file query-v2.txt (compact mmCIF, C-alpha atoms)
# COMPACT_ATOMS: atom_id res chain seq x y z
CA MET J 1 223.23 -24.98 -171.81
CA MET J 2 224.75 -22.41 -174.19
CA LYS J 3 221.46 -22.15 -176.08
CA LYS J 4 219.63 -21.39 -172.83
CA ILE J 5 222.17 -18.72 -171.83
CA PHE J 6 222.06 -17.17 -175.32
CA GLY J 7 218.25 -17.18 -175.24
CA GLN J 8 218.15 -15.40 -171.88
CA ILE J 9 220.69 -12.80 -173.03
CA TYR J 10 218.63 -12.20 -176.18
CA ILE J 11 215.40 -11.75 -174.20
CA TRP J 12 217.01 -9.33 -171.71
CA LEU J 13 218.57 -7.37 -174.58
CA ILE J 14 215.19 -6.98 -176.29
CA LEU J 15 213.58 -5.90 -173.00
CA LEU J 16 216.38 -3.39 -172.45
CA LEU J 17 215.89 -1.87 -175.90
CA MET J 18 212.13 -1.69 -175.31
CA TYR J 19 212.13 -0.15 -171.85
CA LEU J 20 215.38 1.86 -171.69
CA PRO J 21 213.86 4.93 -173.46
CA ILE J 22 210.91 4.86 -171.05
CA LEU J 23 213.20 4.54 -168.02
CA VAL J 24 215.30 7.48 -169.28
CA LEU J 25 212.14 9.56 -169.66
CA ILE J 26 211.04 8.63 -166.15
CA ALA J 27 214.45 9.59 -164.74
CA PHE J 28 214.32 13.01 -166.42
CA SER J 29 210.82 13.65 -165.11
CA PHE J 30 212.61 14.53 -161.85
CA THR J 31 214.54 17.45 -163.31
CA GLU J 32 213.41 20.76 -164.82
CA ALA J 33 215.99 20.77 -167.63
CA THR J 34 214.35 21.57 -170.98
CA ASN J 35 216.22 18.93 -172.95
CA VAL J 36 216.48 15.24 -172.06
CA GLY J 37 220.17 14.59 -171.41
CA GLU J 38 220.70 17.75 -169.37
CA TRP J 39 220.37 17.54 -165.58
CA SER J 40 219.59 20.66 -163.55
CA GLY J 41 219.05 19.00 -160.18
CA PHE J 42 216.59 16.56 -158.63
CA THR J 43 213.08 17.94 -158.11
CA PHE J 44 209.41 16.93 -158.00
CA ASN J 45 208.30 20.30 -159.41
CA LEU J 46 207.22 18.90 -162.78
CA TYR J 47 204.43 16.86 -161.19
CA PRO J 48 202.47 19.72 -159.53
CA ALA J 49 203.25 21.87 -162.59
CA LEU J 50 201.61 19.23 -164.77
CA PHE J 51 198.25 19.66 -163.05
CA GLN J 52 198.51 23.45 -163.30
CA ASP J 53 198.91 23.40 -167.10
CA SER J 54 195.35 23.86 -168.39
CA GLN J 55 196.28 22.98 -171.98
CA ILE J 56 197.71 19.59 -171.00
CA MET J 57 194.82 18.92 -168.61
CA VAL J 58 192.24 19.59 -171.35
CA ALA J 59 194.11 17.32 -173.75
CA LEU J 60 194.43 14.63 -171.06
CA GLY J 61 190.72 14.85 -170.22
CA ASN J 62 189.74 14.56 -173.88
CA THR J 63 192.11 11.63 -174.37
CA LEU J 64 190.79 9.72 -171.36
CA ILE J 65 187.14 10.32 -172.26
CA ILE J 66 187.65 9.14 -175.83
CA ALA J 67 189.77 6.17 -174.72
CA PHE J 68 187.31 4.85 -172.13
CA VAL J 69 184.14 5.46 -174.14
CA SER J 70 185.58 3.98 -177.35
CA ALA J 71 187.03 1.03 -175.40
CA MET J 72 183.66 0.25 -173.81
CA VAL J 73 181.83 0.44 -177.16
CA ALA J 74 184.52 -1.57 -178.98
CA THR J 75 184.61 -4.19 -176.20
CA LEU J 76 180.83 -4.60 -176.27
CA LEU J 77 180.62 -4.86 -180.06
CA GLY J 78 183.76 -6.98 -180.37
CA THR J 79 182.61 -9.43 -177.69
CA LEU J 80 179.15 -9.80 -179.19
CA GLY J 81 180.73 -10.19 -182.63
CA ALA J 82 183.11 -12.88 -181.41
CA VAL J 83 180.31 -14.82 -179.70
CA GLY J 84 178.03 -14.51 -182.72
CA THR J 85 180.79 -15.59 -185.10
CA PHE J 86 181.76 -18.53 -182.87
CA TYR J 87 178.24 -19.95 -183.14
CA SER J 88 177.81 -19.09 -186.83
CA LYS J 89 178.06 -21.44 -189.79
CA LYS J 90 181.49 -22.21 -191.23
CA ARG J 91 181.21 -20.02 -194.32
CA ALA J 92 179.96 -16.97 -192.39
CA LYS J 93 182.66 -17.53 -189.77
CA GLN J 94 185.42 -17.60 -192.39
CA LEU J 95 184.08 -14.43 -194.03
CA ILE J 96 183.93 -12.47 -190.77
CA GLU J 97 187.34 -13.66 -189.59
CA GLY J 98 188.88 -12.73 -192.94
CA ALA J 99 187.36 -9.25 -192.76
CA THR J 100 188.68 -8.87 -189.21
CA GLN J 101 192.22 -9.83 -190.20
CA ILE J 102 192.18 -7.31 -193.05
CA SER J 103 191.27 -4.56 -190.57
CA ILE J 104 194.17 -5.52 -188.30
CA VAL J 105 196.89 -5.63 -190.98
CA ASN J 106 195.52 -2.64 -192.90
CA ALA J 107 197.51 0.61 -192.67
CA GLU J 108 196.03 3.09 -190.20
CA ILE J 109 196.30 5.91 -192.71
CA VAL J 110 193.98 3.96 -195.04
CA ILE J 111 191.39 3.58 -192.28
CA ALA J 112 191.66 7.26 -191.35
CA PHE J 113 191.38 8.48 -194.95
CA SER J 114 188.46 6.13 -195.69
CA LEU J 115 186.55 7.36 -192.64
CA THR J 116 187.23 10.97 -193.60
CA VAL J 117 185.90 10.43 -197.12
CA MET J 118 182.81 8.69 -195.73
CA PHE J 119 182.07 11.49 -193.24
CA VAL J 120 182.56 14.18 -195.89
CA PHE J 121 180.25 12.31 -198.28
CA LEU J 122 177.56 11.83 -195.64
CA GLY J 123 177.82 15.46 -194.57
CA ASN J 124 177.66 16.88 -198.09
CA VAL J 125 175.15 14.54 -199.72
CA ILE J 126 172.85 13.19 -196.99
CA PHE J 127 172.93 15.36 -193.85
CA LYS J 128 173.90 18.63 -195.59
CA ASP J 129 175.98 19.58 -192.57
CA TYR J 130 179.52 19.46 -191.18
CA LEU J 131 179.70 16.13 -189.34
CA PHE J 132 183.15 16.16 -187.75
CA SER J 133 182.75 16.16 -183.97
CA PHE J 134 183.25 13.93 -180.95
CA TRP J 135 181.01 11.31 -182.58
CA THR J 136 183.10 10.97 -185.72
CA LEU J 137 186.23 10.73 -183.56
CA LEU J 138 184.54 8.08 -181.42
CA ILE J 139 183.57 6.04 -184.49
CA GLY J 140 187.16 6.22 -185.73
CA HIS J 141 188.57 4.90 -182.46
CA VAL J 142 185.96 2.14 -182.24
CA VAL J 143 186.78 1.02 -185.79
CA LEU J 144 190.47 0.94 -184.85
CA ALA J 145 190.01 -1.11 -181.65
CA LEU J 146 187.13 -3.44 -182.50
CA PRO J 147 189.15 -6.08 -184.47
CA PHE J 148 191.66 -6.34 -181.63
CA VAL J 149 188.86 -7.00 -179.12
CA TYR J 150 187.56 -9.73 -181.41
CA THR J 151 190.97 -11.42 -181.61
CA SER J 152 191.31 -11.22 -177.79
CA VAL J 153 187.95 -12.84 -177.10
CA LYS J 154 188.08 -15.49 -179.84
CA PRO J 155 190.78 -17.72 -178.22
CA LYS J 156 188.86 -17.81 -174.94
CA LEU J 157 185.76 -19.00 -176.78
CA GLN J 158 187.80 -21.74 -178.44
CA GLN J 159 189.22 -22.83 -175.07
CA MET J 160 185.79 -22.90 -173.45
CA ASP J 161 183.76 -26.08 -173.19
CA PRO J 162 180.79 -25.36 -175.52
CA SER J 163 178.63 -27.92 -173.73
CA MET J 164 178.41 -25.62 -170.66
CA TYR J 165 176.32 -23.03 -172.51
CA GLU J 166 174.17 -25.72 -174.12
CA ALA J 167 173.68 -27.44 -170.75
CA ALA J 168 172.47 -24.16 -169.23
CA LEU J 169 169.87 -23.86 -172.00
CA ASP J 170 168.79 -27.48 -171.55
CA LEU J 171 168.32 -26.86 -167.82
CA GLY J 172 165.85 -24.07 -168.56
CA ALA J 173 168.00 -20.94 -168.53
CA LYS J 174 167.08 -18.22 -171.00
CA PRO J 175 169.75 -17.41 -173.63
CA SER J 176 170.40 -14.01 -172.01
CA VAL J 177 170.85 -15.62 -168.56
CA ALA J 178 173.11 -18.36 -169.95
CA LEU J 179 175.16 -15.71 -171.73
CA ARG J 180 175.53 -13.59 -168.59
CA LYS J 181 176.12 -16.34 -166.02
CA VAL J 182 177.90 -19.04 -168.03
CA LEU J 183 179.50 -17.68 -171.18
CA ILE J 184 180.71 -14.24 -170.04
CA PRO J 185 182.57 -15.50 -166.92
CA GLU J 186 184.44 -18.04 -169.07
CA ILE J 187 185.65 -15.47 -171.58
CA LEU J 188 186.05 -12.55 -169.15
CA PRO J 189 189.90 -12.59 -169.24
CA GLY J 190 189.76 -12.13 -173.02
CA ILE J 191 187.24 -9.32 -172.64
CA LEU J 192 189.46 -7.53 -170.12
CA SER J 193 192.49 -7.95 -172.39
CA GLY J 194 190.54 -6.51 -175.31
CA PHE J 195 189.35 -3.60 -173.17
CA LEU J 196 192.88 -2.72 -172.02
CA LEU J 197 194.22 -3.07 -175.56
CA SER J 198 191.46 -0.76 -176.83
CA ILE J 199 192.39 1.88 -174.26
CA THR J 200 196.07 1.62 -175.23
CA LEU J 201 195.32 1.92 -178.94
CA SER J 202 193.14 4.98 -178.32
CA LEU J 203 195.58 6.71 -175.97
CA ASP J 204 198.48 6.78 -178.43
CA ASP J 205 196.50 7.19 -181.67
CA PHE J 206 197.33 10.23 -183.76
CA ILE J 207 196.44 9.55 -187.42
CA ILE J 208 192.77 8.65 -186.99
CA THR J 209 192.37 11.39 -184.37
CA ALA J 210 193.86 14.03 -186.66
CA PHE J 211 191.60 12.99 -189.56
CA THR J 212 188.28 12.54 -187.75
CA ARG J 213 188.23 15.05 -184.87
CA GLY J 214 186.00 18.07 -184.71
CA ASN J 215 184.88 20.55 -182.09
CA GLY J 216 183.65 19.52 -178.65
CA LEU J 217 184.40 17.84 -175.34
CA LEU J 218 186.64 19.82 -172.97
CA SER J 219 188.00 21.88 -175.88
CA GLY J 220 184.69 23.70 -176.10
CA ALA J 221 184.20 25.48 -179.42
CA GLY J 222 187.71 24.58 -180.56
CA LYS J 223 188.93 21.39 -182.17
CA ILE J 224 189.26 18.42 -179.84
CA GLU J 225 192.87 18.29 -178.66
CA THR J 226 194.29 15.00 -177.42
CA LEU J 227 197.74 14.28 -176.02
CA SER J 228 199.02 13.03 -179.38
CA THR J 229 197.76 16.04 -181.33
CA LEU J 230 198.99 18.41 -178.60
CA VAL J 231 202.51 16.95 -178.71
CA GLN J 232 202.53 17.18 -182.50
CA ALA J 233 201.44 20.84 -182.34
CA LYS J 234 204.10 21.64 -179.71
CA ILE J 235 206.86 20.00 -181.76
CA LYS J 236 206.09 22.37 -184.64
CA LYS J 237 206.73 25.41 -182.43
CA GLY J 238 209.60 24.17 -180.24
CA PRO J 239 210.50 21.60 -177.59
CA ILE J 240 207.87 19.40 -175.96
CA PRO J 241 206.71 20.84 -172.60
CA VAL J 242 208.79 19.38 -169.77
CA GLU J 243 205.58 18.57 -167.86
CA MET J 244 204.83 15.89 -170.47
CA ARG J 245 207.65 13.80 -169.01
CA SER J 246 205.88 13.57 -165.66
CA LEU J 247 202.59 12.76 -167.41
CA THR J 248 204.31 9.96 -169.33
CA THR J 249 205.63 8.53 -166.06
CA ILE J 250 202.18 8.56 -164.47
CA ILE J 251 200.60 6.85 -167.50
CA PHE J 252 203.33 4.20 -167.59
CA ILE J 253 202.90 3.39 -163.88
CA ALA J 254 199.10 3.21 -164.30
CA VAL J 255 199.47 0.77 -167.21
CA VAL J 256 201.90 -1.40 -165.23
CA ILE J 257 199.48 -1.55 -162.30
CA ALA J 258 196.60 -2.46 -164.64
CA VAL J 259 198.64 -5.25 -166.26
CA ILE J 260 199.61 -6.63 -162.83
CA LEU J 261 195.97 -6.65 -161.68
CA VAL J 262 194.82 -8.42 -164.86
CA THR J 263 197.63 -10.98 -164.49
CA ILE J 264 196.63 -11.67 -160.87
CA TYR J 265 193.01 -12.10 -161.95
CA ARG J 266 194.01 -14.53 -164.70
CA ASN J 267 196.14 -16.58 -162.32
CA GLN J 268 193.26 -16.80 -159.85
CA LYS J 269 190.89 -17.93 -162.61
CA ALA J 270 193.43 -20.57 -163.73
CA LYS J 271 193.76 -21.89 -160.16
CA GLN J 272 189.97 -22.04 -159.78
CA ALA J 273 189.70 -23.95 -163.06
CA LYS J 274 192.32 -26.47 -161.87
CA VAL J 275 190.44 -26.93 -158.59
CA ARG J 276 187.19 -27.56 -160.48
CA LYS J 277 188.87 -30.11 -162.74
CA GLY J 278 190.42 -31.82 -159.71
CA ARG J 279 187.02 -32.18 -158.06
CA GLU J 280 185.51 -33.60 -161.23
call {"tool": "encode", "arguments": {"input": "query-v2.txt", "output": "structure tokens"}}
result
Amino acid sequence: MMKKIFGQIYIWLILLLMYLPILVLIAFSFTEATNVGEWSGFTFNLYPALFQDSQIMVALGNTLIIAFVSAMVATLLGTLGAVGTFYSKKRAKQLIEGATQISIVNAEIVIAFSLTVMFVFLGNVIFKDYLFSFWTLLIGHVVLALPFVYTSVKPKLQQMDPSMYEAALDLGAKPSVALRKVLIPEILPGILSGFLLSITLSLDDFIITAFTRGNGLLSGAGKIETLSTLVQAKIKKGPIPVEMRSLTTIIFIAVVIAVILVTIYRNQKAKQAKVRKGRE
């Protein structure tokens, strides 16, 4: 009994430490005080002011474009990689999985610096041009997210009954049809998890963004500014704009809603699987 009580207290303490800073930030998004900790009265003014700040809106637009595009590319490549590895020979599977694990545990600064060196080399030696642009930034974010998509899809492949895909082929289905109608629905929860994780990794990335960004997107002829690089630039000059607190609140609520929807979808899939097993 005491172990159970202690365990619950420990869990709630960890959750409190994790979410208390976010809740404090949300609370102070309803006051115009410059510093968190000072209260100048309850107001919703920061929310309309957020959408009137062109600098923040440009950074937000750039961040969302990069996050969604890189997440889609990383999810596609990571899913195909996981499926291909799952049906590969043992030695090839071990090699790919080892390379994937190295990418996950590797320091982000190493990835960022390596990509920078590669882009500089390609620009100076092969293309004879300055390569840093939206495309180099996109490659950097895909490289960051791809291993995490792989690790999200892999468990679903292991839980799946491999005979279902083989049965579809034996019944005359083409490999592409069997992949789309049999394999993908079985591993879809893992794909969605990898997609959401890719978006999260891209949204809060600073190091790879700072190393690989160039001109383009909504920034026009200037360097691509994302929320992370904008906050870092603002900190150098003074306090973070108060409108960022309202933006943080909106992002947090959007993430919570997305997690709830994914959880509901998973629960429905689990119930459907139980019903199918019961009928069998």
call {"tool": "closest_residue", "arguments": {"input": "query-v2.txt", "among": "J:Ala49, J:Ile207, J:Leu15, J:Val231", "to": "J:Ser29", "atoms": "all atoms listed in the file"}}
result
J:Ala49
call {"tool": "closest_residue", "arguments": {"input": "query-v2.txt", "among": "J:Phe86, J:Tyr130, J:Trp135, J:Phe206", "to": "J:Lys156", "atoms": "all atoms listed in the file"}}
result
J:Phe86
call {"tool": "atom_distance", "arguments": {"input": "query-v2.txt", "atom1": "atom CA of J:Leu196", "atom2": "atom CA of J:Phe113"}}
result
25.6 Å
call {"tool": "closest_residue", "arguments": {"input": "query-v2.txt", "among": "J:Ser54, J:Leu179, J:Thr151, J:Met244", "to": "J:Val36", "atoms": "only C-alpha atoms"}}
result
J:Met244
call {"tool": "atom_distance", "arguments": {"input": "query-v2.txt", "atom1": "atom CA of J:Lys89", "atom2": "atom CA of J:Val105"}}
result
24.6 Å
call {"tool": "atom_distance", "arguments": {"input": "query-v2.txt", "atom1": "atom CA of J:Ala82", "atom2": "atom CA of J:Glu186"}}
result
13.4 Å
call {"tool": "axis_aligned_box", "arguments": {"input": "query-v2.txt", "around": "stretch 140-152 of chain J", "padding_each_side": "5 Å", "output": "lines of an AutoDock Vina configuration file"}}
result
center_x = 188.8
center_y = -2.6
center_z = -181.8
size_x = 15.7
size_y = 27.6
size_z = 18.0
call {"tool": "closest_residue", "arguments": {"input": "query-v2.txt", "among": "J:Ile199, J:Ala92, J:Leu131, J:Leu230", "to": "J:Ala258", "atoms": "only C-alpha atoms"}}
result
J:Ile199
call {"tool": "closest_residue", "arguments": {"input": "query-v2.txt", "among": "J:Leu17, J:Lys128, J:Gly190, J:Tyr87", "to": "J:Tyr165", "atoms": "only C-alpha atoms"}}
result
J:Tyr87
call {"tool": "closest_residue", "arguments": {"input": "query-v2.txt", "among": "J:Ala178, J:Val149, J:Ala33, J:Met18", "to": "J:Ser103", "atoms": "only C-alpha atoms"}}
result
J:Val149
call {"tool": "residues_around", "arguments": {"input": "query-v2.txt", "residues": "J:Pro175", "least_positions_apart": "6", "cutoff": "12 Å", "atoms": "all atoms listed in the file", "output": "MDAnalysis selection string"}}
result
chainID J and resid 165:169 181:184
call {"tool": "residues_around", "arguments": {"input": "query-v2.txt", "residues": "J:Phe252", "least_positions_apart": "2", "cutoff": "12 Å", "atoms": "all atoms listed in the file", "output": "ChimeraX atom specification"}}
result
/J:19,22-23,25-26,200,203,245-250,254-259
call {"tool": "residues_near_point", "arguments": {"input": "query-v2.txt", "point": "(182.3, -19.1, -179.3)", "cutoff": "10 Å", "atoms": "only C-alpha atoms", "output": "ChimeraX atom specification"}}
result
/J:79-88,153-162,165,183,187
call {"tool": "residues_around", "arguments": {"input": "query-v2.txt", "residues": "J:Glu38", "least_positions_apart": "2", "cutoff": "12 Å", "atoms": "only C-alpha atoms", "output": "NGL selection string"}}
result
:J and (24-25 or 27-36 or 40-42)
call {"tool": "residues_around", "arguments": {"input": "query-v2.txt", "residues": "J:Val69", "least_positions_apart": "4", "cutoff": "10 Å", "atoms": "all atoms listed in the file", "output": "ChimeraX atom specification"}}
result
/J:64-65,73-75,138,141-142,198-199,202
